[in-house]
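To keep things clear, I will list the structure first and then write my remarks on it.
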Amino acid sequence: MKKIVIFIFVFLLIITSFSAEFSIFFTNDTHGRVLAAKDRNEMKGGAAYLSSLYKKLKEKNKDNILVDAGDIFDGAYINDNFKGEPQIKVMNAMGYDIYVPGNHDFSFGLDVLKDYTEKASFQTLCTNLVDNSTYSSYFKPYIIKDILGLKVGFIGLILEKTKNTFDYKIKKKIDILDPL
């Protein structure tokens, strides 16, 4: 027990000697809504507002990270009409670093999602979404970014119950493994 306490103390001492400050900003459940929306007679949100806010924060610290935690498709007319392509273009322009798919991101089919994420300038992560035939990760499982000299790991996970929302054609191609 004494050795464990000493190890933890030394480990914490070493960790606290490194100093790095950065922020992780995230969006979630945008559902393709890139335009501002009226809320109580006031326009709020939208990609232009978020982009300008993030640009100001990035000017203060270039090491900040922008992440989307899923459900970028399915919900806004313009986005739906073009099967999600406008949202990917907006996210590229905004400088997203990482994206993890959510259940609505499969609404236009697996091939559409795969095609758009391959064209994206950001990383698509999902460690527990696997190809049914090979059981290899369908997307990159994780990335390690060097931020201010620190190695910072990012993983993507999707809830196992998400597969209950998938179309039969998608269920034939992929599976979601229990993340634990």
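By order of appearance in the structure tokens: chains A, B, ..., then residues from 1 within every chain, and ligands from 1 in the order shown.
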Write out as a PDB file with N, CA and C atoms, in the first residue's frame the residues lying within 8 Å of Val130 in chain A, counting only C-alpha atoms and excluding same-chain residues fewer than 5 positions away.
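Saved the output as part-v4.pdb:
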```pdb
ATOM      1  N   TYR A 135     -15.327  -7.091 -38.725  1.00  0.00           N
ATOM      2  CA  TYR A 135     -15.296  -6.599 -37.339  1.00  0.00           C
ATOM      3  C   TYR A 135     -14.196  -5.568 -37.099  1.00  0.00           C
ATOM      4  N   SER A 136     -13.770  -4.907 -38.160  1.00  0.00           N
ATOM      5  CA  SER A 136     -12.844  -3.787 -37.993  1.00  0.00           C
ATOM      6  C   SER A 136     -13.676  -2.518 -37.843  1.00  0.00           C
ATOM      7  N   SER A 137     -13.098  -1.519 -37.196  1.00  0.00           N
ATOM      8  CA  SER A 137     -13.813  -0.255 -36.984  1.00  0.00           C
ATOM      9  C   SER A 137     -14.203   0.342 -38.329  1.00  0.00           C
ATOM     10  N   TYR A 138     -15.435   0.796 -38.428  1.00  0.00           N
ATOM     11  CA  TYR A 138     -15.927   1.380 -39.670  1.00  0.00           C
ATOM     12  C   TYR A 138     -15.321   2.768 -39.889  1.00  0.00           C
ATOM     13  N   PHE A 139     -15.098   3.468 -38.807  1.00  0.00           N
ATOM     14  CA  PHE A 139     -14.419   4.760 -38.843  1.00  0.00           C
ATOM     15  C   PHE A 139     -13.163   4.648 -37.993  1.00  0.00           C
ATOM     16  N   ILE A 174     -23.254  -3.202 -40.671  1.00  0.00           N
ATOM     17  CA  ILE A 174     -22.469  -2.794 -39.502  1.00  0.00           C
ATOM     18  C   ILE A 174     -23.098  -3.272 -38.203  1.00  0.00           C
ATOM     19  N   ASP A 175     -22.305  -3.216 -37.154  1.00  0.00           N
ATOM     20  CA  ASP A 175     -22.785  -3.548 -35.815  1.00  0.00           C
ATOM     21  C   ASP A 175     -22.183  -2.540 -34.841  1.00  0.00           C
ATOM     22  N   ILE A 176     -22.846  -2.365 -33.724  1.00  0.00           N
ATOM     23  CA  ILE A 176     -22.323  -1.500 -32.666  1.00  0.00           C
ATOM     24  C   ILE A 176     -22.014  -2.384 -31.474  1.00  0.00           C
ATOM     25  N   LEU A 177     -20.764  -2.389 -31.086  1.00  0.00           N
ATOM     26  CA  LEU A 177     -20.328  -3.212 -29.967  1.00  0.00           C
ATOM     27  C   LEU A 177     -20.546  -2.482 -28.650  1.00  0.00           C
TER      28      LEU A 177
END
```
Item checked: DSSP strand (DSSP E) residues within chain A, listed as an NGL selection string -> :A and (24-27 or 37-39 or 42-44 or 65-68 or 98-99 or 123-124 or 129-131 or 142-147 or 150-155 or 174-176)
Export N, CA and C atoms of the chosen residues as a short mmCIF file (atom, residue, chain, number, x, y, z; two decimals), in the first residue's frame?
```cif
data_model
loop_
_atom_site.label_atom_id
_atom_site.label_comp_id
_atom_site.auth_asym_id
_atom_site.auth_seq_id
_atom_site.Cartn_x
_atom_site.Cartn_y
_atom_site.Cartn_z
N ILE A 24 -11.92 22.51 -25.04
CA ILE A 24 -12.62 21.68 -26.01
C ILE A 24 -14.05 22.21 -26.09
N PHE A 25 -14.42 22.70 -27.25
CA PHE A 25 -15.77 23.21 -27.49
C PHE A 25 -16.52 22.15 -28.29
N PHE A 26 -17.79 21.96 -27.96
CA PHE A 26 -18.52 20.96 -28.72
C PHE A 26 -19.93 21.41 -29.05
N THR A 27 -20.40 20.87 -30.15
CA THR A 27 -21.79 21.03 -30.55
C THR A 27 -22.41 19.63 -30.58
N ALA A 37 -32.21 30.89 -35.68
CA ALA A 37 -33.65 30.66 -35.50
C ALA A 37 -34.22 31.73 -34.57
N LYS A 38 -35.49 32.02 -34.78
CA LYS A 38 -36.15 33.02 -33.96
C LYS A 38 -36.59 32.39 -32.64
N ASP A 39 -36.24 33.05 -31.56
CA ASP A 39 -36.63 32.60 -30.22
C ASP A 39 -37.10 33.83 -29.46
N GLU A 42 -36.28 37.10 -31.11
CA GLU A 42 -34.85 37.37 -31.22
C GLU A 42 -34.20 36.24 -31.99
N MET A 43 -33.33 36.60 -32.94
CA MET A 43 -32.62 35.59 -33.71
C MET A 43 -31.47 35.04 -32.87
N LYS A 44 -31.37 33.72 -32.79
CA LYS A 44 -30.33 33.08 -31.98
C LYS A 44 -29.68 31.94 -32.74
N ILE A 65 -9.96 23.07 -29.36
CA ILE A 65 -10.47 21.99 -30.21
C ILE A 65 -11.98 22.16 -30.37
N LEU A 66 -12.48 21.92 -31.59
CA LEU A 66 -13.91 21.99 -31.87
C LEU A 66 -14.40 20.60 -32.27
N VAL A 67 -15.38 20.10 -31.54
CA VAL A 67 -15.87 18.72 -31.69
C VAL A 67 -17.39 18.74 -31.88
N ASP A 68 -17.90 17.83 -32.70
CA ASP A 68 -19.34 17.62 -32.76
C ASP A 68 -19.63 16.20 -32.30
N ILE A 98 -13.01 17.28 -34.85
CA ILE A 98 -13.46 15.90 -34.61
C ILE A 98 -14.98 15.84 -34.69
N TYR A 99 -15.46 14.72 -35.19
CA TYR A 99 -16.90 14.45 -35.27
C TYR A 99 -17.14 12.98 -34.94
N GLN A 123 -11.69 14.89 -38.52
CA GLN A 123 -11.64 13.44 -38.28
C GLN A 123 -13.00 12.92 -37.82
N THR A 124 -13.43 11.80 -38.36
CA THR A 124 -14.63 11.11 -37.90
C THR A 124 -14.17 9.93 -37.07
N LEU A 129 -18.24 1.11 -33.67
CA LEU A 129 -19.04 0.86 -34.86
C LEU A 129 -18.18 0.03 -35.80
N VAL A 130 -18.59 -1.21 -36.06
CA VAL A 130 -17.73 -2.13 -36.81
C VAL A 130 -18.43 -2.67 -38.05
N ASP A 131 -17.61 -3.03 -39.02
CA ASP A 131 -18.07 -3.70 -40.23
C ASP A 131 -18.46 -5.12 -39.86
N TYR A 142 -9.84 6.24 -32.90
CA TYR A 142 -9.33 7.28 -32.00
C TYR A 142 -8.26 8.10 -32.73
N ILE A 143 -7.92 9.23 -32.15
CA ILE A 143 -6.75 9.99 -32.60
C ILE A 143 -6.03 10.50 -31.36
N ILE A 144 -4.76 10.75 -31.55
CA ILE A 144 -3.96 11.38 -30.50
C ILE A 144 -3.43 12.68 -31.09
N LYS A 145 -3.77 13.78 -30.44
CA LYS A 145 -3.32 15.09 -30.90
C LYS A 145 -2.23 15.60 -29.96
N ASP A 146 -1.26 16.25 -30.54
CA ASP A 146 -0.21 16.89 -29.75
C ASP A 146 -0.66 18.33 -29.50
N ILE A 147 -1.02 18.61 -28.27
CA ILE A 147 -1.50 19.94 -27.90
C ILE A 147 -0.56 20.51 -26.85
N LEU A 150 1.61 18.13 -25.11
CA LEU A 150 0.95 17.01 -24.43
C LEU A 150 0.26 16.13 -25.46
N LYS A 151 0.31 14.85 -25.26
CA LYS A 151 -0.41 13.91 -26.11
C LYS A 151 -1.82 13.76 -25.52
N VAL A 152 -2.82 14.17 -26.28
CA VAL A 152 -4.20 14.12 -25.82
C VAL A 152 -4.97 13.16 -26.72
N GLY A 153 -5.59 12.14 -26.12
CA GLY A 153 -6.32 11.14 -26.89
C GLY A 153 -7.80 11.45 -26.96
N PHE A 154 -8.38 11.21 -28.11
CA PHE A 154 -9.81 11.37 -28.33
C PHE A 154 -10.35 10.08 -28.90
N ILE A 155 -11.44 9.58 -28.33
CA ILE A 155 -12.10 8.39 -28.86
C ILE A 155 -13.54 8.75 -29.19
N ILE A 174 -23.25 -3.20 -40.67
CA ILE A 174 -22.47 -2.79 -39.50
C ILE A 174 -23.10 -3.27 -38.20
N ASP A 175 -22.31 -3.22 -37.15
CA ASP A 175 -22.79 -3.55 -35.81
C ASP A 175 -22.18 -2.54 -34.84
N ILE A 176 -22.85 -2.36 -33.72
CA ILE A 176 -22.32 -1.50 -32.67
C ILE A 176 -22.01 -2.38 -31.47
#
```
Note to self: Give me, as a list in words, all polymer residues having an atom no more than 8 Å from Phe73 in chain A, counting only C-alpha atoms and skipping those fewer than 4 positions away in the same chain.
What the structure shows: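 Within the cut-off, the hits are Thr30, His31, Gly32, Asn79, Asp80, Lys83, Gly84, Gln87, His104, Asp105 and Ser107 of chain A.
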Residue subset to file, keeping N, CA and C atoms, as a CSV table (one decimal), in the first residue's frame:
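The result, written out as selection-v5.csv:
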```csv
chain,number,residue,atom,x,y,z
A,30,THR,N,-27.3,19.3,-33.9
A,30,THR,CA,-27.6,20.5,-34.7
A,30,THR,C,-28.6,20.1,-35.8
A,31,HIS,N,-28.7,18.9,-36.2
A,31,HIS,CA,-29.7,18.4,-37.2
A,31,HIS,C,-29.7,19.3,-38.4
A,32,GLY,N,-28.5,19.7,-38.9
A,32,GLY,CA,-28.5,20.5,-40.1
A,32,GLY,C,-28.9,21.9,-40.1
A,79,ASN,N,-30.6,21.1,-45.6
A,79,ASN,CA,-29.7,20.0,-45.3
A,79,ASN,C,-30.3,18.7,-45.8
A,80,ASP,N,-31.6,18.5,-45.5
A,80,ASP,CA,-32.2,17.2,-45.9
A,80,ASP,C,-32.3,17.1,-47.4
A,83,LYS,N,-29.1,15.9,-48.7
A,83,LYS,CA,-28.7,14.7,-47.9
A,83,LYS,C,-27.4,15.0,-47.0
A,84,GLY,N,-27.4,16.1,-46.4
A,84,GLY,CA,-26.4,16.4,-45.4
A,84,GLY,C,-25.2,17.1,-45.9
A,87,GLN,N,-24.2,20.6,-44.3
A,87,GLN,CA,-23.7,20.6,-42.9
A,87,GLN,C,-22.2,20.3,-42.9
A,104,HIS,N,-29.0,9.9,-36.0
A,104,HIS,CA,-29.6,10.6,-37.1
A,104,HIS,C,-28.6,10.8,-38.3
A,105,ASP,N,-27.4,10.6,-38.0
A,105,ASP,CA,-26.4,10.7,-39.1
A,105,ASP,C,-26.4,9.5,-40.1
A,107,SER,N,-29.3,8.5,-41.4
A,107,SER,CA,-30.7,8.7,-42.0
A,107,SER,C,-30.6,8.6,-43.5
```
Check: Using only C-alpha atoms, which of A:Cys126, A:Leu35, A:Val112, A:Ile72 sits nearest Leu159 in chain A?
Finding: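 For Leu159 in chain A, the nearest of the given residues is A:Cys126.
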Next item on the list: Please identify which residues in range 76-130 of chain A DSSP calls helix (DSSP H, G or I) from the backbone, and express them as a VMD selection string.
Entry: chain A and resid 77 to 81 85 to 94 103 to 106 110 to 119
C-alpha atoms of the current selection, written as a JSON list (two decimals), in the first residue's frame:
```
[["chain", "number", "residue", "atom", "x", "y", "z"],
["A", 77, "TYR", "CA", -35.05, 21.36, -45.08],
["A", 78, "ILE", "CA", -31.95, 22.60, -46.92],
["A", 79, "ASN", "CA", -29.71, 20.03, -45.29],
["A", 80, "ASP", "CA", -32.19, 17.19, -45.86],
["A", 81, "ASN", "CA", -32.78, 18.19, -49.48],
["A", 85, "GLU", "CA", -23.83, 17.90, -47.70],
["A", 86, "PRO", "CA", -24.42, 21.53, -46.57],
["A", 87, "GLN", "CA", -23.69, 20.59, -42.95],
["A", 88, "ILE", "CA", -20.36, 18.97, -43.86],
["A", 89, "LYS", "CA", -19.37, 22.06, -45.88],
["A", 90, "VAL", "CA", -20.28, 24.35, -42.97],
["A", 91, "MET", "CA", -18.33, 22.20, -40.50],
["A", 92, "ASN", "CA", -15.30, 22.22, -42.83],
["A", 93, "ALA", "CA", -15.49, 26.03, -43.09],
["A", 94, "MET", "CA", -15.83, 26.40, -39.32],
["A", 103, "ASN", "CA", -28.19, 7.98, -34.74],
["A", 104, "HIS", "CA", -29.63, 10.60, -37.14],
["A", 105, "ASP", "CA", -26.39, 10.72, -39.09],
["A", 106, "PHE", "CA", -27.30, 7.38, -40.68],
["A", 110, "LEU", "CA", -24.30, 4.37, -44.64],
["A", 111, "ASP", "CA", -22.72, 5.08, -48.02],
["A", 112, "VAL", "CA", -23.73, 8.76, -47.91],
["A", 113, "LEU", "CA", -22.31, 9.16, -44.39],
["A", 114, "LYS", "CA", -19.06, 7.40, -45.33],
["A", 115, "ASP", "CA", -18.70, 9.48, -48.51],
["A", 116, "TYR", "CA", -19.21, 12.80, -46.70],
["A", 117, "THR", "CA", -16.91, 11.96, -43.83],
["A", 118, "GLU", "CA", -14.17, 11.01, -46.29],
["A", 119, "LYS", "CA", -14.55, 14.46, -47.89]]
```
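Here CA of Thr162 in chain A stands at a distance of 7.9 Å from CA of Gly102 in chain A.
Going from CA of Asn128 in chain A over to CA of Pro179 in chain A, you cover 6.2 Å.
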Notebook entry, point to check: Using only C-alpha atoms, which of A:Asn61, A:Thr127, A:Ser52, A:Thr165 sits nearest Ser23 in chain A?
Noted result: A:Asn61
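If you look at CA of Tyr54 in chain A and CA of Gly95 in chain A, they are 9.1 Å away from each other.
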